[in-house]
Amino acid sequence: MALLVEIFGWLGSVAVLLAYWLISTERVKSTSVFYQGLNLVGSICLIMNTAYYHAYPSTLVNAVWSLIAIFTLIQLGRTARRRSLEA
């Protein structure tokens, strides 16, 4: 189990850092589903890792991070649906 948690921690770290790099270098927009999805997957992986190791402050940060990504993805979906109905 510990190995799996470690793998999730590393995958989450890579995903969040990649998302940050992509947005910082303007390779993606903050409204990109890919960017928000990368943040969501990364934060979920980090939640599993930090909760396992009882690093609750980091767990909280990643939980909020994932909620922001979920909220943004919902908003992007609503906007896309609205645009398709207008077309």
# chains A, B, ... in the order shown; residues from 1 in each chain; ligands from 1
>>> closest_atom_pairs(of="stretch 64-86 of chain A", to="stretch 19-37 of chain A", cutoff="8 Å", atoms="only C-alpha atoms", output="JSON lines")
{"residue": "A:Ala69", "atom": "CA", "partner": "A:Gln36", "partner_atom": "CA", "distance": 5.4}
{"residue": "A:Ile70", "atom": "CA", "partner": "A:Gln36", "partner_atom": "CA", "distance": 7.9}
{"residue": "A:Thr72", "atom": "CA", "partner": "A:Gln36", "partner_atom": "CA", "distance": 7.2}
{"residue": "A:Leu73", "atom": "CA", "partner": "A:Val33", "partner_atom": "CA", "distance": 6.6}
{"residue": "A:Leu76", "atom": "CA", "partner": "A:Thr31", "partner_atom": "CA", "distance": 7.0}
>>> closest_residue(among="A:Ser13, A:Ser66, A:Ser84, A:Gln75", to="A:Asn49", atoms="only C-alpha atoms")
A:Ser13
>>> residues_around(residues="A:Met1", least_positions_apart="3", cutoff="12 Å", atoms="only C-alpha atoms", output="ChimeraX atom specification")
/A:4-8,48-49,52-53
>>> atom_distance(atom1="atom CA of A:Leu11", atom2="atom CA of A:Pro57")
19.4 Å
>>> select_by_dssp(residues="stretch 25-74 of chain A", states="helix (DSSP H, G or I)", output="number ranges by chain")
A: 33-52, 56-74
>>> closest_residue(among="A:Gly12, A:Ala2, A:Ala87, A:Arg78", to="A:Ser43", atoms="only C-alpha atoms")
A:Gly12
>>> closest_residue(among="A:Ile74, A:Ile44, A:Leu3, A:Ala80", to="A:Ser58", atoms="only C-alpha atoms")
A:Ile44
>>> atom_distance(atom1="atom CA of A:Asn39", atom2="atom CA of A:Ala63")
11.1 Å
>>> atom_distance(atom1="atom CA of A:Gly77", atom2="atom CA of A:Trp65")
18.5 Å
